[in-house]
Amino acid sequence: MAIITLMTDFGIKDGNVGVMKGVMLGICDSAKIVDLSHSISPQNIREAAFVLEKSWGYFPAGTIHVIVVDPGVGTGRRPIAALIDGHYFICPDNGVLTMVYDRADRTKTHIEIIELNQKRYWLPVVSHVFHGRDIFSPSAAHLANGVKLQQLGSVITDPQRIDFPNPVTTQTGWKGEVVHIDHFGNIATNLREEELIDSSNHRILIKLNDNEINGLVKTFGDRPPGELIALFGSTGNLIVSEVNGNAAMRLGTRIGDVVEVKKLD
Amino acid sequence: MAIITLMTDFGIKDGNVGVMKGVMLGICDSAKIVDLSHSISPQNIREAAFVLEKSWGYFPAGTIHVIVVDPGVGTGRRPIAALIDGHYFICPDNGVLTMVYDRADRTKTHIEIIELNQKRYWLPVVSHVFHGRDIFSPSAAHLANGVKLQQLGSVITDPQRIDFPNPVTTQTGWKGEVVHIDHFGNIATNLREEELIDSSNHRILIKLNDNEINGLVKTFGDRPPGELIALFGSTGNLIVSEVNGNAAMRLGTRIGDVVEVKKLD
Amino acid sequence: MAIITLMTDFGIKDGNVGVMKGVMLGICDSAKIVDLSHSISPQNIREAAFVLEKSWGYFPAGTIHVIVVDPGVGTGRRPIAALIDGHYFICPDNGVLTMVYDRADRTKTHIEIIELNQKRYWLPVVSHVFHGRDIFSPSAAHLANGVKLQQLGSVITDPQRIDFPNPVTTQTGWKGEVVHIDHFGNIATNLREEELIDSSNHRILIKLNDNEINGLVKTFGDRPPGELIALFGSTGNLIVSEVNGNAAMRLGTRIGDVVEVKKLD
């Protein structure tokens, strides 16, 4: 029994996600299909990359992750499949896997990537505008059925990557930026716990959108409702929140806004 | 193992879709339940009919499609089940299957329809306002368990149909209307590829909401972001889009707006 | 094969619900996971309690219901699991099960509750902010695998409860309040069919937000579109609706607004 996860920017009203599941179940009726998100902002490859990176590792090895955020559908961009750290990834070659590649590079994990070009594993008719249905879903279902990665296409070694901003150290601390705003209005930055680890030995000040937050707390309930707090989120990223409120709306925060962490002593 | 698809106008916040699944799994615990959409506009039978028509054919034969967009719940409107082209459909008799019937008529496919009136396949208590839970879900689950269509009720031959606007040919081309606007703001018309097939031999002009678009492209990425384009969507309908943008918001388009295609030579 | 239902206030865009499913399927790959709702208003324990109460009884015995609306995550509030009437409930001890306890009390049903404190059934690393992933999901999956409730923790007898407003009888009838507004704008009150049962022998008048509605109807289609009606909903609560419209938007109704039912003779 294989698990297939789905992430798209399709929304949930038009039936397109259901159609992908119909195609997959028609090929592999034992697949367990799990929705990761279908509310990625339209064409937002960076957001998809972020949500994927914090999610895929919580699935068991062998899981097949299908990501269809695909502004280049029907153009020359390649459809690809990758095997990394025991997980399969199927998506357009547009950089959405950059963070997965980067992590594999850091841990010296082998990466195997193929261009999907074996049309016998696609739907018989392929539209110019819905490869999620016609290429990615059937390819995932064939993998789930036991077809080998190498049967689906030819090895490539030059996948697209996109640049993600890296935090920098400053004279007084660190400077990063906002990389995600969640459903609650929690503001996730690219400053990570392991990089700020010595912050636990300092009093620190967090600056974001002309607001200053003194020190870190462990969890939301450590402060009364309405208070702005900074803490490490469940993925190890530094986040700024309003207790029982929406920090991003309150501060007018947007993706890319600068965050500074200053050591006070 | 049977697949059951669900389409409703219930939204996803109140637990009603989950309740339907609970009822179904209580009767047939091996069913695979797939959400098609729960964001059909309230009481919008036409929208449900359109989403169903472009979706059901991608599921394997034997799939049971449950559609609950049901402004007449608890009145005299009949609950029905149909077997068409190897697929089952369970819904109120309010015309939501019109496009499925029409396609079957065109292809001379046999249609079998019954009125659900065998109460032993319903929940013991039937409310006046939630037949999705009390009649349609248990009926679907019993079908999934192997109960025959004919056991669920009595044959009828006069199902409700609703009128869908048909495109017309004009002296200079074709005239149709907008039938769906998707999550991306793509505007789907009822002009179809097979009807416009000779358009490929002509230069054409598409007119919609006082905007003119010259010619067709194959896919979104053929033009730069922000440009208005016309192309055939994944279901063969002529669609109008803005590359990486929202055409419907930009043009103020609404369902029913007129679309004209003119041959220029 | 166990069924696990999920209810959270996480929304559906960030992948967190998918992550919980990944954790559960990694422990128990045969689990059937059903979404009840992920659109509970942030931190709204009362809303979660209401949606749970009208839903759980439609699932088969043995179902495991996981509820994560958890403003106190990471503080001293206890994670708990309960066995009530053949159903399992896993959630923070914040009163979200109050209506389940109350029903069990009314029907003299045995309640068994444990505090989840056996860390070998949790993820190895537990964050301060996402116990849905780190404690509740793995606990549910272990239950699904056949682990006994008592193995997951120690019995407690003092679970948190929250106060829900009760309707009162007045000289001329009943007074209650609005407890839920659904996706259609239907307004659910805490006045229940069994309490108003003798209303069927009286002409009654319903007052809400300075509007008066004469008498009850059986279902929406009993009156023309646009008319305000009162009826008993599918859960037995008195609801106020606009036929094919949105009563809550029309009346400006909010949770907690007062509803009066007067006997006219």
# chains A, B, ... in the order shown; residues from 1 in each chain; ligands from 1
>>> closest_atom_pairs(of="chain B", to="chain A", cutoff="7 Å", atoms="only C-alpha atoms", output="tab-separated table")
residue	atom	partner	partner_atom	distance
B:Val34	CA	A:Gly18	CA	6.5
B:Asp35	CA	A:Gly18	CA	6.0
B:Leu36	CA	A:Gly18	CA	4.6
B:Ser37	CA	A:Lys13	CA	5.2
B:His38	CA	A:Lys13	CA	6.7
B:Ser39	CA	A:Lys13	CA	4.9
B:Ile40	CA	A:Lys13	CA	6.5
B:Val51	CA	A:Gly15	CA	6.1
B:Ser55	CA	A:Val19	CA	5.6
B:Tyr58	CA	A:Gly22	CA	5.5
B:Phe59	CA	A:Gly22	CA	4.3
B:Pro60	CA	A:Gly26	CA	5.0
B:Asp182	CA	A:Asp14	CA	6.2
B:His183	CA	A:Gly11	CA	5.9
B:Phe184	CA	A:Pro42	CA	6.9
B:Lys218	CA	A:His128	CA	6.4
B:Thr219	CA	A:His128	CA	5.7
B:Gly221	CA	A:Gly72	CA	5.3
B:Gly233	CA	A:Val129	CA	6.5
B:Ser234	CA	A:Ser127	CA	5.7
B:Asn244	CA	A:Gln43	CA	6.7
>>> residues_around(residues="Val100 of chain A", least_positions_apart="6", cutoff="9 Å", atoms="only C-alpha atoms", output="JSON, numbers by chain")
{"A": [49, 52, 53, 84]}
>>> write_last_selection(atoms="C-alpha atoms", output="mmCIF file, in the first residue's frame")
data_model
loop_
_atom_site.group_PDB
_atom_site.id
_atom_site.type_symbol
_atom_site.label_atom_id
_atom_site.label_comp_id
_atom_site.auth_asym_id
_atom_site.auth_seq_id
_atom_site.Cartn_x
_atom_site.Cartn_y
_atom_site.Cartn_z
ATOM 1 C CA ALA A 49 8.548 24.684 -1.587
ATOM 2 C CA LEU A 52 6.609 20.817 1.224
ATOM 3 C CA GLU A 53 9.861 21.131 3.160
ATOM 4 C CA ILE A 84 15.509 11.362 -2.257
#
>>> closest_residue(among="C:Leu231, C:Ile113, C:Ile64, C:Ala2", to="Glu193 of chain C", atoms="only C-alpha atoms")
C:Leu231
>>> residues_around(residues="Leu251 of chain A", least_positions_apart="2", cutoff="9 Å", atoms="only C-alpha atoms", output="list in words")
Leu208, Asn209, Asp210, Asn211, Asn246, Ala247, Ala248, Met249 and Thr253 of chain A
>>> atom_distance(atom1="atom CA of Ala61 of chain B", atom2="atom CA of Thr63 of chain A")
26.6 Å
>>> select_by_dssp(residues="segment 132-227 of chain A", states="alpha helix (DSSP H)", output="MDAnalysis selection string")
chainID A and resid 137:144 149:152
>>> write_last_selection(atoms="N, CA and C atoms", output="PDB file, in the first residue's frame")
ATOM      1  N   SER A 137      -0.314  12.658 -12.179  1.00  0.00           N
ATOM      2  CA  SER A 137      -1.133  11.680 -11.440  1.00  0.00           C
ATOM      3  C   SER A 137      -0.908  10.252 -11.935  1.00  0.00           C
ATOM      4  N   PRO A 138      -0.984  10.003 -13.245  1.00  0.00           N
ATOM      5  CA  PRO A 138      -0.741   8.618 -13.661  1.00  0.00           C
ATOM      6  C   PRO A 138       0.681   8.148 -13.331  1.00  0.00           C
ATOM      7  N   SER A 139       1.656   9.032 -13.434  1.00  0.00           N
ATOM      8  CA  SER A 139       3.028   8.622 -13.099  1.00  0.00           C
ATOM      9  C   SER A 139       3.120   8.216 -11.635  1.00  0.00           C
ATOM     10  N   ALA A 140       2.507   8.995 -10.761  1.00  0.00           N
ATOM     11  CA  ALA A 140       2.522   8.664  -9.330  1.00  0.00           C
ATOM     12  C   ALA A 140       1.846   7.326  -9.072  1.00  0.00           C
ATOM     13  N   ALA A 141       0.719   7.111  -9.744  1.00  0.00           N
ATOM     14  CA  ALA A 141      -0.018   5.867  -9.510  1.00  0.00           C
ATOM     15  C   ALA A 141       0.763   4.658 -10.015  1.00  0.00           C
ATOM     16  N   HIS A 142       1.483   4.817 -11.123  1.00  0.00           N
ATOM     17  CA  HIS A 142       2.308   3.699 -11.600  1.00  0.00           C
ATOM     18  C   HIS A 142       3.451   3.415 -10.620  1.00  0.00           C
ATOM     19  N   LEU A 143       4.070   4.457 -10.082  1.00  0.00           N
ATOM     20  CA  LEU A 143       5.075   4.257  -9.029  1.00  0.00           C
ATOM     21  C   LEU A 143       4.461   3.497  -7.858  1.00  0.00           C
ATOM     22  N   ALA A 144       3.254   3.912  -7.466  1.00  0.00           N
ATOM     23  CA  ALA A 144       2.567   3.251  -6.349  1.00  0.00           C
ATOM     24  C   ALA A 144       2.316   1.785  -6.653  1.00  0.00           C
ATOM     25  N   LEU A 149      11.331   3.877 -10.746  1.00  0.00           N
ATOM     26  CA  LEU A 149      11.577   5.254 -11.165  1.00  0.00           C
ATOM     27  C   LEU A 149      12.207   5.298 -12.556  1.00  0.00           C
ATOM     28  N   GLN A 150      13.201   4.437 -12.782  1.00  0.00           N
ATOM     29  CA  GLN A 150      13.942   4.488 -14.045  1.00  0.00           C
ATOM     30  C   GLN A 150      13.078   4.121 -15.245  1.00  0.00           C
ATOM     31  N   GLN A 151      11.984   3.410 -15.003  1.00  0.00           N
ATOM     32  CA  GLN A 151      11.106   3.062 -16.134  1.00  0.00           C
ATOM     33  C   GLN A 151      10.297   4.271 -16.599  1.00  0.00           C
ATOM     34  N   LEU A 152      10.140   5.264 -15.706  1.00  0.00           N
ATOM     35  CA  LEU A 152       9.285   6.413 -16.037  1.00  0.00           C
ATOM     36  C   LEU A 152       9.994   7.453 -16.898  1.00  0.00           C
TER      37      LEU A 152
END
>>> atom_distance(atom1="atom CA of Gly153 of chain A", atom2="atom CA of Asp93 of chain A")
13.6 Å
>>> select_by_dssp(residues="segment 44-150 of chain C", states="strand (DSSP E or B)", output="PyMOL selection string")
chain C and resi 64-68+79-84+87-92+111-116
>>> write_last_selection(atoms="N, CA and C atoms", output="compact mmCIF listing (two decimals), in the first residue's frame")
# COMPACT_ATOMS: atom_id res chain seq x y z
N ILE C 64 -12.21 6.82 16.34
CA ILE C 64 -11.32 7.63 17.17
C ILE C 64 -11.42 9.08 16.69
N HIS C 65 -11.92 9.97 17.54
CA HIS C 65 -12.10 11.36 17.16
C HIS C 65 -10.97 12.21 17.75
N VAL C 66 -10.21 12.85 16.89
CA VAL C 66 -9.10 13.69 17.32
C VAL C 66 -9.50 15.15 17.13
N ILE C 67 -9.47 15.91 18.22
CA ILE C 67 -9.87 17.32 18.17
C ILE C 67 -8.69 18.17 18.64
N VAL C 68 -8.22 19.05 17.76
CA VAL C 68 -7.09 19.89 18.13
C VAL C 68 -7.45 21.36 17.93
N PRO C 79 -3.04 16.76 27.96
CA PRO C 79 -3.58 16.04 26.80
C PRO C 79 -4.34 14.82 27.33
N ILE C 80 -5.54 14.58 26.77
CA ILE C 80 -6.34 13.47 27.31
C ILE C 80 -6.89 12.57 26.19
N ALA C 81 -7.33 11.40 26.59
CA ALA C 81 -8.08 10.50 25.72
C ALA C 81 -9.24 9.96 26.52
N ALA C 82 -10.40 9.82 25.87
CA ALA C 82 -11.58 9.34 26.57
C ALA C 82 -12.25 8.24 25.77
N LEU C 83 -12.91 7.31 26.49
CA LEU C 83 -13.73 6.29 25.85
C LEU C 83 -15.15 6.47 26.38
N ILE C 84 -16.04 6.82 25.46
CA ILE C 84 -17.42 7.13 25.86
C ILE C 84 -18.36 6.54 24.82
N HIS C 87 -16.95 5.18 21.56
CA HIS C 87 -16.12 6.06 20.73
C HIS C 87 -14.93 6.57 21.54
N TYR C 88 -13.81 6.76 20.86
CA TYR C 88 -12.63 7.36 21.49
C TYR C 88 -12.53 8.83 21.12
N PHE C 89 -12.05 9.63 22.06
CA PHE C 89 -11.85 11.06 21.84
C PHE C 89 -10.45 11.41 22.32
N ILE C 90 -9.69 12.09 21.49
CA ILE C 90 -8.32 12.48 21.86
C ILE C 90 -8.20 13.98 21.64
N CYS C 91 -7.80 14.71 22.66
CA CYS C 91 -7.83 16.17 22.57
C CYS C 91 -7.15 16.78 23.78
N PRO C 92 -6.93 18.09 23.76
CA PRO C 92 -6.51 18.77 24.98
C PRO C 92 -7.67 18.82 25.98
N ILE C 111 -18.06 6.81 31.49
CA ILE C 111 -17.02 7.64 30.90
C ILE C 111 -15.68 7.20 31.46
N GLU C 112 -14.72 6.99 30.55
CA GLU C 112 -13.37 6.66 31.01
C GLU C 112 -12.41 7.66 30.39
N ILE C 113 -11.64 8.34 31.21
CA ILE C 113 -10.74 9.36 30.69
C ILE C 113 -9.34 9.14 31.25
N ILE C 114 -8.35 9.26 30.39
CA ILE C 114 -6.97 9.19 30.87
C ILE C 114 -6.19 10.43 30.43
N GLU C 115 -5.22 10.78 31.22
CA GLU C 115 -4.27 11.80 30.80
C GLU C 115 -3.19 11.11 29.99
N LEU C 116 -2.93 11.61 28.80
CA LEU C 116 -1.88 11.03 27.96
C LEU C 116 -0.53 11.40 28.56
>>> decode(residues="segment 66-79 of chain A", atoms="N, CA, C and O atoms", output="mmCIF file, in the first residue's frame")
data_model
loop_
_atom_site.group_PDB
_atom_site.id
_atom_site.type_symbol
_atom_site.label_atom_id
_atom_site.label_comp_id
_atom_site.auth_asym_id
_atom_site.auth_seq_id
_atom_site.Cartn_x
_atom_site.Cartn_y
_atom_site.Cartn_z
ATOM 1 N N VAL A 66 3.291 14.418 -4.750
ATOM 2 C CA VAL A 66 2.974 15.033 -6.040
ATOM 3 C C VAL A 66 2.729 16.518 -5.814
ATOM 4 O O VAL A 66 1.872 16.880 -5.006
ATOM 5 N N ILE A 67 3.486 17.353 -6.487
ATOM 6 C CA ILE A 67 3.351 18.805 -6.323
ATOM 7 C C ILE A 67 3.055 19.421 -7.686
ATOM 8 O O ILE A 67 3.836 19.276 -8.620
ATOM 9 N N VAL A 68 1.886 20.067 -7.794
ATOM 10 C CA VAL A 68 1.517 20.677 -9.072
ATOM 11 C C VAL A 68 1.226 22.168 -8.864
ATOM 12 O O VAL A 68 0.087 22.574 -8.652
ATOM 13 N N VAL A 69 2.277 22.927 -8.851
ATOM 14 C CA VAL A 69 2.198 24.388 -8.918
ATOM 15 C C VAL A 69 3.025 24.680 -10.150
ATOM 16 O O VAL A 69 4.249 24.564 -10.130
ATOM 17 N N ASP A 70 2.377 25.025 -11.243
ATOM 18 C CA ASP A 70 2.943 24.741 -12.565
ATOM 19 C C ASP A 70 2.642 25.824 -13.586
ATOM 20 O O ASP A 70 1.995 25.586 -14.597
ATOM 21 N N PRO A 71 3.158 27.046 -13.342
ATOM 22 C CA PRO A 71 2.872 28.115 -14.314
ATOM 23 C C PRO A 71 3.429 27.808 -15.705
ATOM 24 O O PRO A 71 2.948 28.381 -16.682
ATOM 25 N N GLY A 72 4.389 26.905 -15.807
ATOM 26 C CA GLY A 72 4.968 26.601 -17.115
ATOM 27 C C GLY A 72 4.341 25.412 -17.816
ATOM 28 O O GLY A 72 4.889 24.903 -18.799
ATOM 29 N N VAL A 73 3.177 24.945 -17.325
ATOM 30 C CA VAL A 73 2.552 23.754 -17.926
ATOM 31 C C VAL A 73 2.418 23.907 -19.443
ATOM 32 O O VAL A 73 2.002 24.944 -19.936
ATOM 33 N N GLY A 74 2.816 22.868 -20.149
ATOM 34 C CA GLY A 74 2.652 22.866 -21.602
ATOM 35 C C GLY A 74 3.753 23.566 -22.363
ATOM 36 O O GLY A 74 3.778 23.539 -23.595
ATOM 37 N N THR A 75 4.666 24.223 -21.625
ATOM 38 C CA THR A 75 5.832 24.818 -22.285
ATOM 39 C C THR A 75 6.979 23.809 -22.233
ATOM 40 O O THR A 75 6.791 22.644 -21.904
ATOM 41 N N GLY A 76 8.206 24.270 -22.451
ATOM 42 C CA GLY A 76 9.342 23.360 -22.478
ATOM 43 C C GLY A 76 9.788 22.839 -21.128
ATOM 44 O O GLY A 76 10.618 21.934 -21.064
ATOM 45 N N ARG A 77 9.256 23.389 -20.040
ATOM 46 C CA ARG A 77 9.704 22.921 -18.717
ATOM 47 C C ARG A 77 9.440 21.413 -18.597
ATOM 48 O O ARG A 77 8.443 20.908 -19.054
ATOM 49 N N ARG A 78 10.400 20.717 -17.949
ATOM 50 C CA ARG A 78 10.313 19.263 -17.902
ATOM 51 C C ARG A 78 9.433 18.764 -16.758
ATOM 52 O O ARG A 78 9.486 19.324 -15.666
ATOM 53 N N PRO A 79 8.658 17.723 -16.974
ATOM 54 C CA PRO A 79 8.057 17.027 -15.828
ATOM 55 C C PRO A 79 9.108 16.074 -15.265
ATOM 56 O O PRO A 79 9.807 15.406 -16.032
#
